[in-house]
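S.K.: First, the structure itself, so that you have it in front of you.
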Amino acid sequence: MLVLGLETSCDETGVALYDSECGLLADALFSQIDLHRVYGGVVPELASRDHVKRMLPLLREVLEQAGRKPEDIDGIAYTAGPGLVGALLVGASCAQALAFAWGVPALGVHHMEGHLLAPMLEEQPPGFPFVALLVSGGHTQLVRVDGIGRYQLLGESVDDAAGEAFDKTAKLIGLGYPGGPEIARLAQSGTPGRFTFPRPMTDRPGLDFSFSGLKTFALNTWQQCRNAGDDGEQTRCDIALAFEQAVVETLTIKCKRALKQTGLNRLVIAGGVSANQSLRQSLGKMLGDLKGDVFYARPRFCTDNGAMIAYAGCQRLLAGQHDGPAIAVQARWPMERLPAI
């Protein structure tokens, strides 16, 4: 089965072609970072308009890369949520229109299921069951995964997601957008031990997260340094390192607890923050100590992309699932409600 995948949940337009027998044939992505940078964050209306502008050129590009024609496509998968409603509607409308014109089924895919299954695109994919850490700008969740659609939520953030905390902290200390990569870049030049940030909710049982307080701690630290006349680049680097270390260690502690609680020794990390090298190193060391394995997608498939949507959609289309002709998206959509296949 050849599936076209469309991703338009936020500020990246992704298109890909996935073949159930040959694997990923082609993918293309347009990031709106430069468009939103001047505003310091994503402007939903601008994001939606740019998706409209980019969708068809990217579709033509992917078909040319793969050497395929529209009549070769057997199904279309698109991100139906969660995400920005206006942005989601662009992909949903395009998918349903093409499905009607080409006479093929269309299926709305859960954005976070796409991220969760992205490591399946690699040469050595994880086997079921495993624990997944979904960590992005909108989500921080620990999930037990026994199969596609067989998900048990173990814990999640009670306030900001980890990626959101990265972006907001970067803005508080005067860094540009997107903040996560900026924090990681500056952290490489930070002075270890100059600042020590708390590891929130690690001193109590459970698998939930809280990152809102870390933002306040970083802001207070930055303001104290500024009041003392110490607000240079090195201070920013030192705060960035302390913040990154706190987030990474907190995530590592909770992942270790989840593995012990479930009795599993396979961990998948997925979502935009999973591209953070410090996080990968920390989790890799922890799994090495536990004689387990950690899996993640290559960096370009950690952020939003069409390949993960095409793969996830292909698995469900092969199982006989598809949507009707109605255009429907969901800003919020609990992953546990997805049907198993």
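Labeling convention for the structure tokens: chains A, B, ... as they appear, residues from 1 per chain, ligands from 1 in order of appearance.
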Contacts of Ala118 of chain A at 12 Å or less, counting only C-alpha atoms, minus same-chain residues fewer than 2 places along, as JSON, numbers by chain?
M.R.: {"A": [24, 111, 112, 113, 114, 115, 116, 120, 121, 122, 123, 124, 125, 126, 132, 134, 268, 269, 270, 271, 272, 274, 295, 296, 297, 298, 299, 300, 301, 302, 303, 304, 305, 306, 307, 308, 309, 310, 311, 312, 313]}
S.K.: Which residues are close to Leu17 of chain A, i.e. within 12 Å by only C-alpha atoms, leaving aside same-chain residues fewer than 6 positions away? Reply as a PyMOL selection string.
M.R.: chain A and resi 1-7+23-28+58-70+72-78+305-314
S.K.: Under the rule of at most 9 Å, produce a per-residue listing of segment 231-299 of chain A near segment 177-195 of chain A: chain, number, name, the closest pair of atoms, and the distance in Å, as a Markdown table, using only C-alpha atoms.
M.R.:
| residue | atom | partner | partner_atom | distance |
| --- | --- | --- | --- | --- |
| A:Glu233 | CA | A:Leu186 | CA | 8.8 |
| A:Gln234 | CA | A:Gly190 | CA | 6.9 |
| A:Thr235 | CA | A:Gly190 | CA | 7.9 |
| A:Arg236 | CA | A:Leu186 | CA | 7.3 |
| A:Cys237 | CA | A:Gly190 | CA | 4.5 |
| A:Asp238 | CA | A:Gly190 | CA | 4.1 |
| A:Ile239 | CA | A:Phe195 | CA | 6.7 |
| A:Ala240 | CA | A:Ala187 | CA | 5.0 |
| A:Leu241 | CA | A:Ala187 | CA | 4.0 |
| A:Ala242 | CA | A:Phe195 | CA | 5.8 |
| A:Phe243 | CA | A:Ile183 | CA | 8.3 |
| A:Glu244 | CA | A:Ala184 | CA | 7.1 |
| A:Gln245 | CA | A:Ala187 | CA | 8.9 |
| A:Val273 | CA | A:Gly180 | CA | 7.8 |
| A:Asn276 | CA | A:Ala184 | CA | 7.2 |
| A:Gln277 | CA | A:Ala184 | CA | 8.4 |
| A:Ser278 | CA | A:Ala184 | CA | 8.3 |
S.K.: Hey, can you spit out that residue selection with C-alpha atoms as an mmCIF file, in the first residue's frame?
M.R.:
data_model
loop_
_atom_site.group_PDB
_atom_site.id
_atom_site.type_symbol
_atom_site.label_atom_id
_atom_site.label_comp_id
_atom_site.auth_asym_id
_atom_site.auth_seq_id
_atom_site.Cartn_x
_atom_site.Cartn_y
_atom_site.Cartn_z
ATOM 1 C CA GLU A 233 26.682 35.895 27.438
ATOM 2 C CA GLN A 234 28.484 33.542 29.816
ATOM 3 C CA THR A 235 25.784 33.966 32.450
ATOM 4 C CA ARG A 236 23.163 33.053 29.858
ATOM 5 C CA CYS A 237 25.192 29.969 28.977
ATOM 6 C CA ASP A 238 25.470 28.972 32.642
ATOM 7 C CA ILE A 239 21.723 29.381 33.217
ATOM 8 C CA ALA A 240 20.981 27.449 30.027
ATOM 9 C CA LEU A 241 23.180 24.578 31.200
ATOM 10 C CA ALA A 242 21.609 24.470 34.662
ATOM 11 C CA PHE A 243 18.109 24.509 33.157
ATOM 12 C CA GLU A 244 18.878 21.805 30.599
ATOM 13 C CA GLN A 245 20.495 19.597 33.240
ATOM 14 C CA VAL A 273 12.758 17.426 22.536
ATOM 15 C CA ASN A 276 18.287 16.969 22.455
ATOM 16 C CA GLN A 277 21.694 15.307 22.623
ATOM 17 C CA SER A 278 22.067 15.649 26.396
#
S.K.: Do you know which residues are at most 6 Å from segment 91-99 of chain A counting only C-alpha atoms, after dropping those on the same chain fewer than 6 positions away, and could you put them as a list in words?
M.R.: Thr8, Pro105 and Ala106 of chain A
S.K.: Print the selection's residues with all heavy atoms to a file, as a CSV table (one decimal), in the first residue's frame.
M.R.:
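Contents of selection.csv, as written:
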chain,number,residue,atom,x,y,z
A,8,THR,N,0.2,19.1,9.2
A,8,THR,CA,0.0,20.5,9.3
A,8,THR,C,-0.5,20.9,10.7
A,8,THR,O,-1.3,21.8,10.8
A,8,THR,CB,-1.0,21.1,8.2
A,8,THR,OG1,-2.2,20.5,8.5
A,8,THR,CG2,-0.5,20.7,6.8
A,105,PRO,N,-9.2,6.0,0.1
A,105,PRO,CA,-9.6,6.3,1.5
A,105,PRO,C,-8.7,7.4,2.1
A,105,PRO,O,-7.5,7.4,1.8
A,105,PRO,CB,-9.5,5.0,2.2
A,105,PRO,CG,-8.5,4.2,1.4
A,105,PRO,CD,-8.7,4.6,0.0
A,106,ALA,N,-9.2,8.1,3.0
A,106,ALA,CA,-8.4,9.1,3.8
A,106,ALA,C,-8.6,8.7,5.3
A,106,ALA,O,-9.7,8.2,5.7
A,106,ALA,CB,-8.9,10.5,3.6
S.K.: Quick one: residues within 9 Å of Ser9 of chain A, only C-alpha atoms counted, chain neighbours fewer than 2 positions away excluded, as an mmCIF file with all heavy atoms, in the first residue's frame?
M.R.:
data_model
loop_
_atom_site.group_PDB
_atom_site.id
_atom_site.type_symbol
_atom_site.label_atom_id
_atom_site.label_comp_id
_atom_site.auth_asym_id
_atom_site.auth_seq_id
_atom_site.Cartn_x
_atom_site.Cartn_y
_atom_site.Cartn_z
ATOM 1 N N GLU A 7 1.208 16.523 7.113
ATOM 2 C CA GLU A 7 1.322 17.026 8.485
ATOM 3 C C GLU A 7 1.235 18.554 8.486
ATOM 4 O O GLU A 7 2.037 19.232 7.838
ATOM 5 C CB GLU A 7 2.651 16.569 9.092
ATOM 6 C CG GLU A 7 3.200 17.412 10.228
ATOM 7 C CD GLU A 7 2.294 17.477 11.461
ATOM 8 O OE1 GLU A 7 1.497 16.554 11.678
ATOM 9 O OE2 GLU A 7 2.408 18.466 12.205
ATOM 10 N N ASP A 11 3.525 24.560 12.915
ATOM 11 C CA ASP A 11 4.269 25.505 12.097
ATOM 12 C C ASP A 11 5.228 24.842 11.117
ATOM 13 O O ASP A 11 6.193 25.455 10.666
ATOM 14 C CB ASP A 11 5.044 26.487 12.989
ATOM 15 C CG ASP A 11 6.028 25.790 13.909
ATOM 16 O OD1 ASP A 11 5.938 24.562 14.075
ATOM 17 O OD2 ASP A 11 6.905 26.483 14.465
ATOM 18 N N GLU A 12 4.967 23.583 10.777
ATOM 19 C CA GLU A 12 5.769 22.891 9.774
ATOM 20 C C GLU A 12 4.857 22.124 8.835
ATOM 21 O O GLU A 12 3.971 21.394 9.288
ATOM 22 C CB GLU A 12 6.778 21.945 10.441
ATOM 23 C CG GLU A 12 7.905 22.708 11.133
ATOM 24 C CD GLU A 12 8.758 21.848 12.020
ATOM 25 O OE1 GLU A 12 8.176 21.048 12.786
ATOM 26 O OE2 GLU A 12 9.990 21.969 11.958
ATOM 27 N N THR A 13 5.071 22.295 7.537
ATOM 28 C CA THR A 13 4.288 21.588 6.535
ATOM 29 C C THR A 13 5.090 20.386 6.077
ATOM 30 O O THR A 13 6.182 20.539 5.519
ATOM 31 C CB THR A 13 3.985 22.497 5.323
ATOM 32 O OG1 THR A 13 3.519 23.766 5.770
ATOM 33 C CG2 THR A 13 2.942 21.852 4.423
ATOM 34 N N THR A 79 -2.793 14.625 9.596
ATOM 35 C CA THR A 79 -2.875 14.888 11.024
ATOM 36 C C THR A 79 -4.223 15.520 11.332
ATOM 37 O O THR A 79 -4.539 16.599 10.839
ATOM 38 C CB THR A 79 -1.745 15.832 11.482
ATOM 39 O OG1 THR A 79 -0.490 15.268 11.104
ATOM 40 C CG2 THR A 79 -1.777 16.016 12.988
ATOM 41 N N ALA A 80 -5.018 14.853 12.186
ATOM 42 C CA ALA A 80 -6.343 15.352 12.547
ATOM 43 C C ALA A 80 -6.356 15.972 13.935
ATOM 44 O O ALA A 80 -7.373 16.504 14.364
ATOM 45 C CB ALA A 80 -7.361 14.220 12.473
ATOM 46 N N GLY A 81 -5.235 15.912 14.660
ATOM 47 C CA GLY A 81 -5.143 16.488 15.989
ATOM 48 C C GLY A 81 -4.138 15.712 16.814
ATOM 49 O O GLY A 81 -3.656 14.662 16.370
ATOM 50 N N PRO A 82 -3.812 16.195 17.977
ATOM 51 C CA PRO A 82 -4.099 17.552 18.456
ATOM 52 C C PRO A 82 -3.212 18.574 17.753
ATOM 53 O O PRO A 82 -2.219 18.211 17.136
ATOM 54 C CB PRO A 82 -3.779 17.460 19.956
ATOM 55 C CG PRO A 82 -2.763 16.370 20.051
ATOM 56 C CD PRO A 82 -3.099 15.383 18.968
ATOM 57 N N GLY A 83 -3.590 19.845 17.861
ATOM 58 C CA GLY A 83 -2.826 20.900 17.212
ATOM 59 C C GLY A 83 -3.643 22.165 17.085
ATOM 60 O O GLY A 83 -4.710 22.309 17.689
ATOM 61 N N LEU A 84 -3.148 23.103 16.289
ATOM 62 C CA LEU A 84 -3.863 24.350 16.014
ATOM 63 C C LEU A 84 -4.981 24.051 15.015
ATOM 64 O O LEU A 84 -4.719 23.521 13.935
ATOM 65 C CB LEU A 84 -2.908 25.389 15.435
ATOM 66 C CG LEU A 84 -1.698 25.775 16.292
ATOM 67 C CD1 LEU A 84 -0.781 26.740 15.523
ATOM 68 C CD2 LEU A 84 -2.149 26.393 17.608
ATOM 69 N N VAL A 85 -6.202 24.385 15.376
ATOM 70 C CA VAL A 85 -7.349 23.993 14.554
ATOM 71 C C VAL A 85 -7.230 24.519 13.124
ATOM 72 O O VAL A 85 -7.456 23.781 12.151
ATOM 73 C CB VAL A 85 -8.669 24.474 15.205
ATOM 74 C CG1 VAL A 85 -9.827 24.296 14.239
ATOM 75 C CG2 VAL A 85 -8.939 23.694 16.483
ATOM 76 N N GLY A 86 -6.888 25.786 12.971
ATOM 77 C CA GLY A 86 -6.782 26.343 11.620
ATOM 78 C C GLY A 86 -5.745 25.628 10.785
ATOM 79 O O GLY A 86 -5.965 25.337 9.596
ATOM 80 N N ALA A 87 -4.609 25.314 11.385
ATOM 81 C CA ALA A 87 -3.549 24.600 10.672
ATOM 82 C C ALA A 87 -3.991 23.178 10.335
ATOM 83 O O ALA A 87 -3.771 22.686 9.215
ATOM 84 C CB ALA A 87 -2.278 24.587 11.517
ATOM 85 N N LEU A 88 -4.621 22.505 11.288
ATOM 86 C CA LEU A 88 -5.102 21.144 11.049
ATOM 87 C C LEU A 88 -6.110 21.099 9.906
ATOM 88 O O LEU A 88 -6.114 20.159 9.097
ATOM 89 C CB LEU A 88 -5.757 20.594 12.319
ATOM 90 C CG LEU A 88 -4.831 20.290 13.505
ATOM 91 C CD1 LEU A 88 -5.661 20.041 14.760
ATOM 92 C CD2 LEU A 88 -3.940 19.091 13.212
ATOM 93 N N LEU A 89 -6.957 22.113 9.835
ATOM 94 C CA LEU A 89 -7.990 22.134 8.799
ATOM 95 C C LEU A 89 -7.400 22.208 7.393
ATOM 96 O O LEU A 89 -8.002 21.705 6.442
ATOM 97 C CB LEU A 89 -8.943 23.303 9.026
ATOM 98 C CG LEU A 89 -9.969 23.107 10.151
ATOM 99 C CD1 LEU A 89 -10.702 24.408 10.442
ATOM 100 C CD2 LEU A 89 -10.964 22.004 9.792
ATOM 101 N N GLY A 91 -4.577 20.727 6.318
ATOM 102 C CA GLY A 91 -4.205 19.373 5.929
ATOM 103 C C GLY A 91 -5.404 18.473 5.738
ATOM 104 O O GLY A 91 -5.455 17.664 4.795
ATOM 105 N N HIS A 111 -1.523 13.057 16.040
ATOM 106 C CA HIS A 111 -0.182 13.634 15.912
ATOM 107 C C HIS A 111 0.838 12.944 16.809
ATOM 108 O O HIS A 111 1.959 12.623 16.384
ATOM 109 C CB HIS A 111 -0.253 15.132 16.249
ATOM 110 C CG HIS A 111 1.055 15.842 16.180
ATOM 111 N ND1 HIS A 111 1.680 16.139 14.990
ATOM 112 C CD2 HIS A 111 1.862 16.320 17.156
ATOM 113 C CE1 HIS A 111 2.821 16.770 15.227
ATOM 114 N NE2 HIS A 111 2.958 16.887 16.535
ATOM 115 N N ASP A 304 8.023 17.724 13.832
ATOM 116 C CA ASP A 304 6.852 17.401 13.018
ATOM 117 C C ASP A 304 7.274 17.096 11.583
ATOM 118 O O ASP A 304 8.085 17.829 10.997
ATOM 119 C CB ASP A 304 5.869 18.572 13.031
ATOM 120 C CG ASP A 304 5.330 18.848 14.425
ATOM 121 O OD1 ASP A 304 5.532 18.008 15.316
ATOM 122 O OD2 ASP A 304 4.707 19.910 14.609
#
S.K.: If you run DSSP on the backbone, which residues of segment 246-331 of chain A are strand (DSSP E), as a list in words?
M.R.: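 Residues of segment 246-331 of chain A classed as strand (DSSP E): Arg266, Leu267, Val268, Ile269, Ala270, Asp293, Val294 and Phe295 of chain A.
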S.K.: Given the choices A:Pro200, A:Pro339, A:Pro334, A:Pro44, which gets closest to Leu214 of chain A if the distance is worked out from only C-alpha atoms?
M.R.: A:Pro200
S.K.: What does the distance between atom CA of Leu267 of chain A and atom CA of Ile253 of chain A come to in Å, to one decimal place?
M.R.: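 Those two atoms sit 13.0 Å apart.
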S.K.: Of the residues A:Gly108, A:Gly229, A:Gly40, A:Gly292, which is the one nearest to Ala170 of chain A, using only C-alpha atoms?
M.R.: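 Checking each of A:Gly108, A:Gly229, A:Gly40, A:Gly292 against Ala170 of chain A, counting only C-alpha atoms, the winner is A:Gly40.
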